[in-house]
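Trainee: Input: one structure, supplied below.
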Amino acid sequence: MIVYIHGFNSSPASAKAQLLQKRLTALGRANEFTAPALPHSPAAAASMLDKHVSSYRDACLVGSSLGGYYATWLAERHRLRAVLVNPAVRPYTLLVQAVGRQKNFYTGEEYDFTSRYIEELRALEVEKLTPELYFLLVKTGDEVLDYRQAVERYDGGRKLVIAGGDHGFSDFSAYLDAVLEFCGGAERARR
């Protein structure tokens with residue numbers, strides 16, 4: 001099972017989630033994909049994701065941006081492999097500027113992002129990583145996050161640093177087979 005974890009103000013309707021789902025469907029593996037819609041509260045999102053991944057043996061996580069931060073917490077907690085796409089390394093510092101009224105890019109839902117959420121993010125920080133659990137995909141042209149922080153944080157794991165690009169990883173489709181291979185579907189991805 002591949003569990004896609006979306007980022008801040010995103011949703012399961014994100015381009016990366018849709019591309020991954022379509023690729024698995026084309027391979028006859030539609031039932032091996034899930035992308036839950038996350039609550040705004042990081043504590044509630046972590047609790048929901050924790051229960052969600054517990055129901056799948058040998059799940060592989062694919063987390064984008066803030067979803068990469070959640071995926072890291074889950075990977076260490078459950079010893080799961082995780083593909084991290086332009087992941088947020090310290091979202092509790094980055095998102096301080098987001099405290100206030102927010103609007104989801106996909107659903108249009110408006111909500112208040114509170115300072116309590118910053119503390120909830122900080123509580124999910126993982127101090128020691130298991131490098132072999134991770135496949136890092138970063139773009140040097142990410143306009144939101146400094147890719148070098150992720151390269152340093154996930155040192156020792158598999159990584160692909162791609163020159164240029166953007167935070168949305170707009171050419172994600174070119175990397176789907178590498179993602180599936182890391183998630184353990186190499187043989188099935190080639191069929």
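Identifiers in the structure tokens: chain A, B, ... in order shown; residue index from 1 per chain; ligand index from 1 in order shown.
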Quick one: residues within 9 Å of Ala15 of chain A, only C-alpha atoms, excluding same-chain residues fewer than 4 positions away - as a ChimeraX atom specification?

Mentor: /A:19-20,168,170,172

Trainee: If we count only C-alpha atoms and set the cut-off at 12 Å, which residues sit around Gly108 of chain A, ignoring sequence neighbours fewer than 3 positions away in its own chain? Please answer as an MDAnalysis selection string.

Mentor: chainID A and resid 9:11 102:105 111

Trainee: Now that the selection is made, can you save its residues with N, CA and C atoms as a CSV table (one decimal), in the first residue's frame?

Mentor:
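This went into part-v7.csv:
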chain,number,residue,atom,x,y,z
A,9,ASN,N,-2.1,23.2,3.2
A,9,ASN,CA,-3.2,23.8,2.4
A,9,ASN,C,-3.3,23.0,1.1
A,10,SER,N,-3.0,21.8,1.1
A,10,SER,CA,-3.2,20.9,-0.1
A,10,SER,C,-4.3,19.9,0.2
A,11,SER,N,-4.3,18.9,-0.7
A,11,SER,CA,-5.4,17.8,-0.5
A,11,SER,C,-5.0,16.6,-1.3
A,102,GLN,N,-6.4,31.0,6.8
A,102,GLN,CA,-5.8,30.3,5.6
A,102,GLN,C,-6.9,29.8,4.7
A,103,LYS,N,-6.5,29.5,3.5
A,103,LYS,CA,-7.5,29.0,2.5
A,103,LYS,C,-6.8,27.8,1.8
A,104,ASN,N,-7.5,26.6,1.8
A,104,ASN,CA,-7.0,25.5,1.1
A,104,ASN,C,-7.0,25.7,-0.4
A,105,PHE,N,-5.9,25.4,-1.0
A,105,PHE,CA,-5.7,25.6,-2.5
A,105,PHE,C,-6.7,24.8,-3.3
A,111,TYR,N,-10.0,28.5,7.1
A,111,TYR,CA,-9.8,28.1,8.5
A,111,TYR,C,-8.8,28.9,9.2

Trainee: Give me, please, the distance in Å between atom CA of Pro91 of chain A and atom CA of Leu66 of chain A, quoted to one decimal.

Mentor: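 Those two atoms sit 6.8 Å apart.
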
Trainee: Under the rule that only C-alpha atoms are counted, which of A:Tyr69, A:Tyr106, A:Tyr56, A:Tyr134 is the nearest residue to Arg81 of chain A?

Mentor: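 Closest residue, counting only C-alpha atoms: A:Tyr134.
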
Trainee: Measuring atom to atom with only C-alpha atoms, identify which of A:Ala46, A:Leu74, A:Val179, A:Val126 is nearest to Val89 of chain A.

Mentor: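 Of A:Ala46, A:Leu74, A:Val179, A:Val126, the one nearest Val89 of chain A is A:Val126, counting only C-alpha atoms.
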
Trainee: In Å, rounded to a single decimal, give me how far atom CA of Ser64 of chain A is from atom CA of Lys159 of chain A.

Mentor: 14.5 Å

Trainee: How many Å separate atom CA of Asn86 of chain A from atom CA of Val151 of chain A?

Mentor: 9.9 Å

Trainee: Within segment 9-129 of chain A, find each residue whose DSSP state, derived from the backbone, is alpha helix (DSSP H), and express the selection as JSON, numbers by chain.

Mentor: {"A": [15, 16, 17, 18, 19, 20, 21, 22, 23, 24, 25, 26, 42, 43, 44, 45, 46, 47, 48, 49, 50, 51, 52, 53, 54, 66, 67, 68, 69, 70, 71, 72, 73, 74, 75, 76, 77, 78, 91, 92, 93, 94, 115, 116, 117, 118, 119, 120, 121, 122, 123]}

Trainee: Let me see the file: selected residues, C-alpha atoms, as a PDB file, in the first residue's frame.

Mentor:
ATOM      1  CA  ALA A  15      -1.224  16.971  -8.878  1.00  0.00           C
ATOM      2  CA  LYS A  16       1.357  14.605  -7.350  1.00  0.00           C
ATOM      3  CA  ALA A  17      -1.293  12.492  -5.624  1.00  0.00           C
ATOM      4  CA  GLN A  18      -3.316  12.292  -8.832  1.00  0.00           C
ATOM      5  CA  LEU A  19      -0.269  11.331 -10.930  1.00  0.00           C
ATOM      6  CA  LEU A  20       0.703   8.580  -8.504  1.00  0.00           C
ATOM      7  CA  GLN A  21      -2.848   7.248  -8.354  1.00  0.00           C
ATOM      8  CA  LYS A  22      -3.155   7.233 -12.167  1.00  0.00           C
ATOM      9  CA  ARG A  23       0.173   5.419 -12.547  1.00  0.00           C
ATOM     10  CA  LEU A  24      -0.864   2.713 -10.081  1.00  0.00           C
ATOM     11  CA  THR A  25      -4.249   2.393 -11.784  1.00  0.00           C
ATOM     12  CA  ALA A  26      -2.532   1.945 -15.168  1.00  0.00           C
ATOM     13  CA  PRO A  42      -1.039  18.660  13.133  1.00  0.00           C
ATOM     14  CA  ALA A  43      -1.850  16.627  16.263  1.00  0.00           C
ATOM     15  CA  ALA A  44      -5.141  15.476  14.733  1.00  0.00           C
ATOM     16  CA  ALA A  45      -3.425  14.776  11.380  1.00  0.00           C
ATOM     17  CA  ALA A  46      -0.716  12.709  13.106  1.00  0.00           C
ATOM     18  CA  SER A  47      -3.284  10.746  15.080  1.00  0.00           C
ATOM     19  CA  MET A  48      -5.356  10.038  11.979  1.00  0.00           C
ATOM     20  CA  LEU A  49      -2.293   9.041   9.913  1.00  0.00           C
ATOM     21  CA  ASP A  50      -0.998   6.843  12.718  1.00  0.00           C
ATOM     22  CA  LYS A  51      -4.268   4.875  12.749  1.00  0.00           C
ATOM     23  CA  HIS A  52      -4.432   4.855   8.958  1.00  0.00           C
ATOM     24  CA  VAL A  53      -0.968   3.358   8.358  1.00  0.00           C
ATOM     25  CA  SER A  54      -1.424   0.866  11.196  1.00  0.00           C
ATOM     26  CA  LEU A  66       4.562  19.253   5.152  1.00  0.00           C
ATOM     27  CA  GLY A  67       3.483  15.713   4.247  1.00  0.00           C
ATOM     28  CA  GLY A  68       7.186  14.826   4.194  1.00  0.00           C
ATOM     29  CA  TYR A  69       7.482  15.956   7.801  1.00  0.00           C
ATOM     30  CA  TYR A  70       4.500  13.794   8.776  1.00  0.00           C
ATOM     31  CA  ALA A  71       5.927  10.903   6.739  1.00  0.00           C
ATOM     32  CA  THR A  72       9.202  11.148   8.666  1.00  0.00           C
ATOM     33  CA  TRP A  73       7.383  10.910  12.001  1.00  0.00           C
ATOM     34  CA  LEU A  74       5.376   7.909  10.746  1.00  0.00           C
ATOM     35  CA  ALA A  75       8.374   6.186   9.137  1.00  0.00           C
ATOM     36  CA  GLU A  76      10.328   6.223  12.383  1.00  0.00           C
ATOM     37  CA  ARG A  77       7.317   5.277  14.499  1.00  0.00           C
ATOM     38  CA  HIS A  78       6.304   2.304  12.306  1.00  0.00           C
ATOM     39  CA  PRO A  91       7.770  23.433   9.505  1.00  0.00           C
ATOM     40  CA  TYR A  92       7.264  24.808  13.002  1.00  0.00           C
ATOM     41  CA  THR A  93       9.660  27.663  12.123  1.00  0.00           C
ATOM     42  CA  LEU A  94       8.513  28.104   8.524  1.00  0.00           C
ATOM     43  CA  SER A 115      -0.090  29.197  17.209  1.00  0.00           C
ATOM     44  CA  ARG A 116      -1.174  25.979  18.953  1.00  0.00           C
ATOM     45  CA  TYR A 117      -0.623  24.212  15.621  1.00  0.00           C
ATOM     46  CA  ILE A 118       2.998  25.408  15.620  1.00  0.00           C
ATOM     47  CA  GLU A 119       3.534  23.698  18.973  1.00  0.00           C
ATOM     48  CA  GLU A 120       1.790  20.559  17.689  1.00  0.00           C
ATOM     49  CA  LEU A 121       4.242  20.475  14.772  1.00  0.00           C
ATOM     50  CA  ARG A 122       7.194  20.902  17.111  1.00  0.00           C
ATOM     51  CA  ALA A 123       5.955  17.925  19.172  1.00  0.00           C
TER      52      ALA A 123
END

Trainee: A:Ala88, A:Cys183, A:Ala13, A:Met1: which is nearest Leu38 of chain A, counting only C-alpha atoms?

Mentor: A:Ala13

Trainee: Of the candidates A:Leu95, A:Val138, A:Val83, A:Leu129, which shows the shortest atom-to-atom distance to Gly164 of chain A, using only C-alpha atoms?

Mentor: A:Val138

Trainee: Check segment 61-180 of chain A with DSSP on the backbone and list each residue it calls strand (DSSP E), as a list in words.

Mentor: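 Reading the DSSP output for segment 61-180 of chain A, strand (DSSP E) covers Leu61, Val62, Gly63, Ser64, Arg81, Ala82, Val83, Leu84, Val85, Gly100, Arg101, Gln102, Lys103, Glu110, Tyr111, Asp112, Phe113, Tyr134, Phe135, Leu136, Leu137, Val138, Lys139, Arg158, Lys159, Leu160, Val161 and Ile162 of chain A.
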
Trainee: Take the residues that were just selected and, keeping C-alpha atoms, output them as a short mmCIF file (atom, residue, chain, number, x, y, z; two decimals), in the first residue's frame.

Mentor:
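Generated file (result_15.cif):
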data_model
loop_
_atom_site.label_atom_id
_atom_site.label_comp_id
_atom_site.auth_asym_id
_atom_site.auth_seq_id
_atom_site.Cartn_x
_atom_site.Cartn_y
_atom_site.Cartn_z
CA LEU A 61 4.73 6.60 2.52
CA VAL A 62 5.02 9.37 -0.06
CA GLY A 63 5.02 12.76 1.62
CA SER A 64 5.18 16.14 -0.06
CA ARG A 81 9.90 3.35 3.94
CA ALA A 82 9.18 6.92 2.93
CA VAL A 83 9.65 8.93 -0.24
CA LEU A 84 9.98 12.60 0.65
CA VAL A 85 9.24 15.15 -2.08
CA GLY A 100 -3.94 33.40 10.93
CA ARG A 101 -6.64 32.88 8.33
CA GLN A 102 -5.79 30.30 5.63
CA LYS A 103 -7.50 28.96 2.55
CA GLU A 110 -11.10 28.70 5.00
CA TYR A 111 -9.83 28.08 8.52
CA ASP A 112 -7.68 29.56 11.27
CA PHE A 113 -4.11 28.27 11.52
CA TYR A 134 14.19 7.36 3.12
CA PHE A 135 14.29 8.33 -0.55
CA LEU A 136 14.64 12.10 -0.81
CA LEU A 137 13.55 13.90 -3.99
CA VAL A 138 14.39 17.61 -3.96
CA LYS A 139 14.56 20.41 -6.49
CA ARG A 158 18.88 7.54 -0.89
CA LYS A 159 18.55 10.94 -2.51
CA LEU A 160 17.99 12.58 -5.83
CA VAL A 161 18.86 16.27 -6.02
CA ILE A 162 17.56 17.79 -9.25
#

Trainee: Which of these residues is nearest to Thr107 of chain A, using only C-alpha atoms: A:Ala37, A:Ala163, A:Leu124, A:Leu133?

Mentor: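 Using only C-alpha atoms, Thr107 of chain A sits closest to A:Ala37.
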